[in-house]
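What's in structure.cif: mmCIF, C-alpha atoms and all ligand atoms; chains and numbers go by the auth columns
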```cif
data_coords
loop_
_atom_site.group_PDB
_atom_site.id
_atom_site.type_symbol
_atom_site.label_atom_id
_atom_site.label_comp_id
_atom_site.label_asym_id
_atom_site.label_seq_id
_atom_site.Cartn_x
_atom_site.Cartn_y
_atom_site.Cartn_z
_atom_site.B_iso_or_equiv
_atom_site.auth_seq_id
_atom_site.auth_asym_id
ATOM 1 C CA MET A 1 65.295 -33.119 22.749 0.00 1 A
ATOM 2 C CA ILE A 2 61.751 -32.805 23.941 0.00 2 A
ATOM 3 C CA ASP A 3 59.167 -32.351 21.282 0.00 3 A
ATOM 4 C CA THR A 4 56.681 -29.734 22.153 0.00 4 A
ATOM 5 C CA VAL A 5 53.439 -29.527 20.347 0.00 5 A
ATOM 6 C CA ALA A 6 52.046 -26.074 20.122 0.00 6 A
ATOM 7 C CA LYS A 7 48.447 -25.867 21.057 0.00 7 A
ATOM 8 C CA PRO A 8 46.461 -23.793 18.624 0.00 8 A
ATOM 9 C CA LYS A 9 45.626 -20.608 20.368 0.00 9 A
ATOM 10 C CA THR A 10 42.114 -19.880 19.369 0.00 10 A
ATOM 11 C CA LYS A 11 39.733 -17.756 21.275 0.00 11 A
ATOM 12 C CA THR A 12 36.041 -17.980 20.742 0.00 12 A
ATOM 13 C CA LYS A 13 34.444 -14.594 20.732 0.00 13 A
ATOM 14 C CA THR A 14 30.896 -14.753 21.917 0.00 14 A
ATOM 15 C CA LYS A 15 29.112 -11.941 20.182 0.00 15 A
ATOM 16 C CA THR A 16 25.504 -11.711 21.197 0.00 16 A
ATOM 17 C CA GLU A 17 23.423 -9.637 18.860 0.00 17 A
ATOM 18 C CA ARG A 18 19.925 -8.614 19.690 0.00 18 A
ATOM 19 C CA PRO A 19 17.392 -10.208 17.347 0.00 19 A
ATOM 20 C CA ARG A 20 16.141 -7.767 14.755 0.00 20 A
ATOM 21 C CA LEU A 21 12.627 -6.656 15.557 0.00 21 A
ATOM 22 C CA HIS A 22 9.784 -6.724 13.069 0.00 22 A
ATOM 23 C CA LYS A 23 6.966 -4.225 12.794 0.00 23 A
ATOM 24 C CA VAL A 24 3.352 -5.320 12.533 0.00 24 A
ATOM 25 C CA ILE A 25 1.592 -2.913 10.182 0.00 25 A
ATOM 26 C CA LEU A 26 -2.150 -2.341 9.924 0.00 26 A
ATOM 27 C CA VAL A 27 -3.295 -1.603 6.366 0.00 27 A
ATOM 28 C CA ASN A 28 -6.431 0.445 5.658 0.00 28 A
ATOM 29 C CA ASP A 29 -9.271 -0.795 3.471 0.00 29 A
ATOM 30 C CA ASP A 30 -12.713 0.571 2.577 0.00 30 A
ATOM 31 C CA PHE A 31 -14.806 -2.302 3.950 0.00 31 A
ATOM 32 C CA THR A 32 -13.799 -3.444 7.427 0.00 32 A
ATOM 33 C CA PRO A 33 -15.914 -1.645 10.063 0.00 33 A
ATOM 34 C CA ARG A 34 -13.893 0.667 12.322 0.00 34 A
ATOM 35 C CA GLU A 35 -15.211 -0.960 15.478 0.00 35 A
ATOM 36 C CA PHE A 36 -14.162 -4.406 14.260 0.00 36 A
ATOM 37 C CA VAL A 37 -10.596 -3.170 13.635 0.00 37 A
ATOM 38 C CA VAL A 38 -10.543 -1.819 17.196 0.00 38 A
ATOM 39 C CA THR A 39 -11.820 -5.143 18.565 0.00 39 A
ATOM 40 C CA VAL A 40 -9.084 -7.105 16.759 0.00 40 A
ATOM 41 C CA LEU A 41 -6.360 -4.692 17.924 0.00 41 A
ATOM 42 C CA LYS A 42 -7.535 -5.039 21.522 0.00 42 A
ATOM 43 C CA ALA A 43 -7.764 -8.837 21.377 0.00 43 A
ATOM 44 C CA GLU A 44 -4.570 -9.643 19.484 0.00 44 A
ATOM 45 C CA PHE A 45 -2.283 -6.835 20.612 0.00 45 A
ATOM 46 C CA ARG A 46 -3.614 -6.273 24.140 0.00 46 A
ATOM 47 C CA MET A 47 -4.357 -2.620 23.522 0.00 47 A
ATOM 48 C CA THR A 48 -6.755 -0.446 25.439 0.00 48 A
ATOM 49 C CA GLU A 49 -9.822 0.950 23.638 0.00 49 A
ATOM 50 C CA ASP A 50 -8.029 4.286 23.415 0.00 50 A
ATOM 51 C CA GLN A 51 -4.770 2.919 21.977 0.00 51 A
ATOM 52 C CA ALA A 52 -6.642 0.706 19.507 0.00 52 A
ATOM 53 C CA HIS A 53 -8.826 3.593 18.365 0.00 53 A
ATOM 54 C CA LYS A 54 -5.786 5.820 17.723 0.00 54 A
ATOM 55 C CA VAL A 55 -4.020 3.124 15.675 0.00 55 A
ATOM 56 C CA MET A 56 -7.192 2.395 13.667 0.00 56 A
ATOM 57 C CA ILE A 57 -7.757 6.102 12.900 0.00 57 A
ATOM 58 C CA THR A 58 -4.115 6.579 11.870 0.00 58 A
ATOM 59 C CA ALA A 59 -4.341 3.664 9.408 0.00 59 A
ATOM 60 C CA HIS A 60 -7.709 4.968 8.188 0.00 60 A
ATOM 61 C CA GLN A 61 -6.289 8.448 7.495 0.00 61 A
ATOM 62 C CA ARG A 62 -2.757 7.642 6.336 0.00 62 A
ATOM 63 C CA GLY A 63 -3.203 4.196 4.776 0.00 63 A
ATOM 64 C CA VAL A 64 -1.001 2.296 7.230 0.00 64 A
ATOM 65 C CA CYS A 65 -0.029 2.386 10.891 0.00 65 A
ATOM 66 C CA VAL A 66 2.659 0.540 12.849 0.00 66 A
ATOM 67 C CA VAL A 67 0.871 -1.449 15.545 0.00 67 A
ATOM 68 C CA ALA A 68 3.874 -2.750 17.528 0.00 68 A
ATOM 69 C CA VAL A 69 7.284 -4.446 17.171 0.00 69 A
ATOM 70 C CA PHE A 70 8.130 -8.030 18.074 0.00 70 A
ATOM 71 C CA THR A 71 10.663 -10.710 17.204 0.00 71 A
ATOM 72 C CA LYS A 72 10.090 -12.065 13.674 0.00 72 A
ATOM 73 C CA ASP A 73 8.125 -15.163 14.728 0.00 73 A
ATOM 74 C CA VAL A 74 5.838 -13.329 17.108 0.00 74 A
ATOM 75 C CA ALA A 75 5.199 -10.505 14.605 0.00 75 A
ATOM 76 C CA GLU A 76 4.298 -12.967 11.847 0.00 76 A
ATOM 77 C CA THR A 77 2.063 -15.065 14.103 0.00 77 A
ATOM 78 C CA LYS A 78 0.166 -12.046 15.391 0.00 78 A
ATOM 79 C CA ALA A 79 -0.219 -10.509 11.918 0.00 79 A
ATOM 80 C CA THR A 80 -1.567 -13.807 10.567 0.00 80 A
ATOM 81 C CA ARG A 81 -3.986 -14.302 13.475 0.00 81 A
ATOM 82 C CA ALA A 82 -5.303 -10.733 13.220 0.00 82 A
ATOM 83 C CA THR A 83 -5.707 -10.999 9.437 0.00 83 A
ATOM 84 C CA ASP A 84 -7.502 -14.343 9.846 0.00 84 A
ATOM 85 C CA ALA A 85 -9.914 -12.800 12.377 0.00 85 A
ATOM 86 C CA GLY A 86 -11.033 -10.387 9.640 0.00 86 A
ATOM 87 C CA ARG A 87 -11.210 -13.071 6.987 0.00 87 A
ATOM 88 C CA ALA A 88 -13.415 -15.196 9.254 0.00 88 A
ATOM 89 C CA LYS A 89 -15.970 -12.347 9.119 0.00 89 A
ATOM 90 C CA GLY A 90 -15.519 -11.832 5.381 0.00 90 A
ATOM 91 C CA TYR A 91 -13.494 -8.607 5.758 0.00 91 A
ATOM 92 C CA PRO A 92 -10.338 -7.762 3.775 0.00 92 A
ATOM 93 C CA LEU A 93 -8.585 -6.539 6.946 0.00 93 A
ATOM 94 C CA LEU A 94 -4.815 -6.891 6.488 0.00 94 A
ATOM 95 C CA PHE A 95 -1.863 -6.891 8.844 0.00 95 A
ATOM 96 C CA THR A 96 1.646 -7.188 7.352 0.00 96 A
ATOM 97 C CA THR A 97 5.143 -7.340 8.859 0.00 97 A
ATOM 98 C CA GLU A 98 8.479 -5.803 7.934 0.00 98 A
ATOM 99 C CA PRO A 99 11.903 -5.778 9.596 0.00 99 A
ATOM 100 C CA GLU A 100 12.885 -2.674 11.527 0.00 100 A
ATOM 101 C CA GLU A 101 15.822 -0.708 10.106 0.00 101 A
HETATM 102 N N1 LIG B . -11.509 2.438 6.468 0.00 201 B
HETATM 103 C C1 LIG B . -12.417 1.587 7.229 0.00 201 B
HETATM 104 C C2 LIG B . -13.807 2.210 7.229 0.00 201 B
HETATM 105 O O1 LIG B . -13.967 3.371 6.902 0.00 201 B
HETATM 106 C C3 LIG B . -11.953 1.413 8.674 0.00 201 B
HETATM 107 C C4 LIG B . -10.576 0.804 8.715 0.00 201 B
HETATM 108 C C5 LIG B . -9.563 1.463 9.427 0.00 201 B
HETATM 109 C C6 LIG B . -10.301 -0.388 8.064 0.00 201 B
HETATM 110 C C7 LIG B . -8.284 0.917 9.458 0.00 201 B
HETATM 111 C C8 LIG B . -9.022 -0.949 8.107 0.00 201 B
HETATM 112 O O2 LIG B . -6.784 -0.809 8.847 0.00 201 B
HETATM 113 C C9 LIG B . -8.021 -0.275 8.804 0.00 201 B
HETATM 114 N N2 LIG B . -14.806 1.455 7.616 0.00 201 B
#
```

What does this structure look like when you write it as structure tokens?
Amino acid sequence: MIDTVAKPKTKTKTKTERPRLHKVILVNDDFTPREFVVTVLKAEFRMTEDQAHKVMITAHQRGVCVVAVFTKDVAETKATRATDAGRAKGYPLLFTTEPEE
């Protein structure tokens, strides 16, 4: 009798999920000059004057505004760099991040 060894029949399912995106959020404060907020938005997020002005005004009026979405690492790096740009000038300018639903 010939012994047969059953090979385990396993299939590897490759399930590729898109990385969850994270929002960068601009938070209003009473001290950072409007024009400086616009300058930081243009420099760090590659926005036009017009786009940056709209985002700044929205945060100014509503308290917060979503700037853009990125992968987690990129969102955190950009939020930190933009916040540091304000701190370097002595402003309390704040950018935060949160995962998208
Ligand atoms: N509120 C600030 C002012 O009146 C301007 C400002 C707008 C600051 C948006 C932060 O996220 C901000 N000078």

Where does chain A meet ligand LIG 201 (chain B) within 7 Å, residue by residue, with the nearest atom pair and distance in Å to one decimal for each, counting only C-alpha atoms and all ligand atoms, listed by chain and rising number, as a Markdown table?
```
| residue | atom | partner | partner_atom | distance |
| --- | --- | --- | --- | --- |
| A:Leu26 | CA | B:LIG201 | O2 | 5.0 |
| A:Val27 | CA | B:LIG201 | O2 | 4.4 |
| A:Asn28 | CA | B:LIG201 | O2 | 3.4 |
| A:Asp29 | CA | B:LIG201 | C8 | 4.6 |
| A:Asp30 | CA | B:LIG201 | N1 | 4.5 |
| A:Phe31 | CA | B:LIG201 | N2 | 5.2 |
| A:Thr32 | CA | B:LIG201 | C6 | 4.7 |
| A:Pro33 | CA | B:LIG201 | N2 | 4.1 |
| A:Arg34 | CA | B:LIG201 | C3 | 4.2 |
| A:Val37 | CA | B:LIG201 | C8 | 6.2 |
| A:Met56 | CA | B:LIG201 | C7 | 4.6 |
| A:Ile57 | CA | B:LIG201 | C5 | 6.1 |
| A:Ala59 | CA | B:LIG201 | C7 | 4.8 |
| A:His60 | CA | B:LIG201 | C5 | 4.2 |
| A:Val64 | CA | B:LIG201 | O2 | 6.8 |
| A:Leu93 | CA | B:LIG201 | C8 | 5.7 |
| A:Leu94 | CA | B:LIG201 | O2 | 6.8 |
```

**Message:** With distances taken over all atoms listed in the file, which residue among A:Ala85, A:Ala75, A:Val67, A:Leu21 lies nearest Glu101 in chain A?
**Reply:** A:Leu21

**Message:** I'd like to know which of A:Thr71, A:Asp50, A:Glu76, A:Asp84 is closest to Arg20 in chain A, using all atoms listed in the file.
**Reply:**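 Closest to Arg20 in chain A of all the choices is A:Thr71.
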
**Prompt:** What is the distance between CA of Lys72 in chain A and CA of Glu44 in chain A, in Å to one decimal?
**Reply:**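 Going from CA of Lys72 in chain A over to CA of Glu44 in chain A, I get 16.0 Å.
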
**Item:** Counting all atoms listed in the file, the residue of A:Val24, A:Val55, A:Arg62, A:Arg81 that sits nearest Val38 in chain A
**Value:** A:Val55

**Separation of CA of Ala82 in chain A from CA of His53 in chain A, in Å and rounded to one decimal** =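 The value is 15.6 Å.
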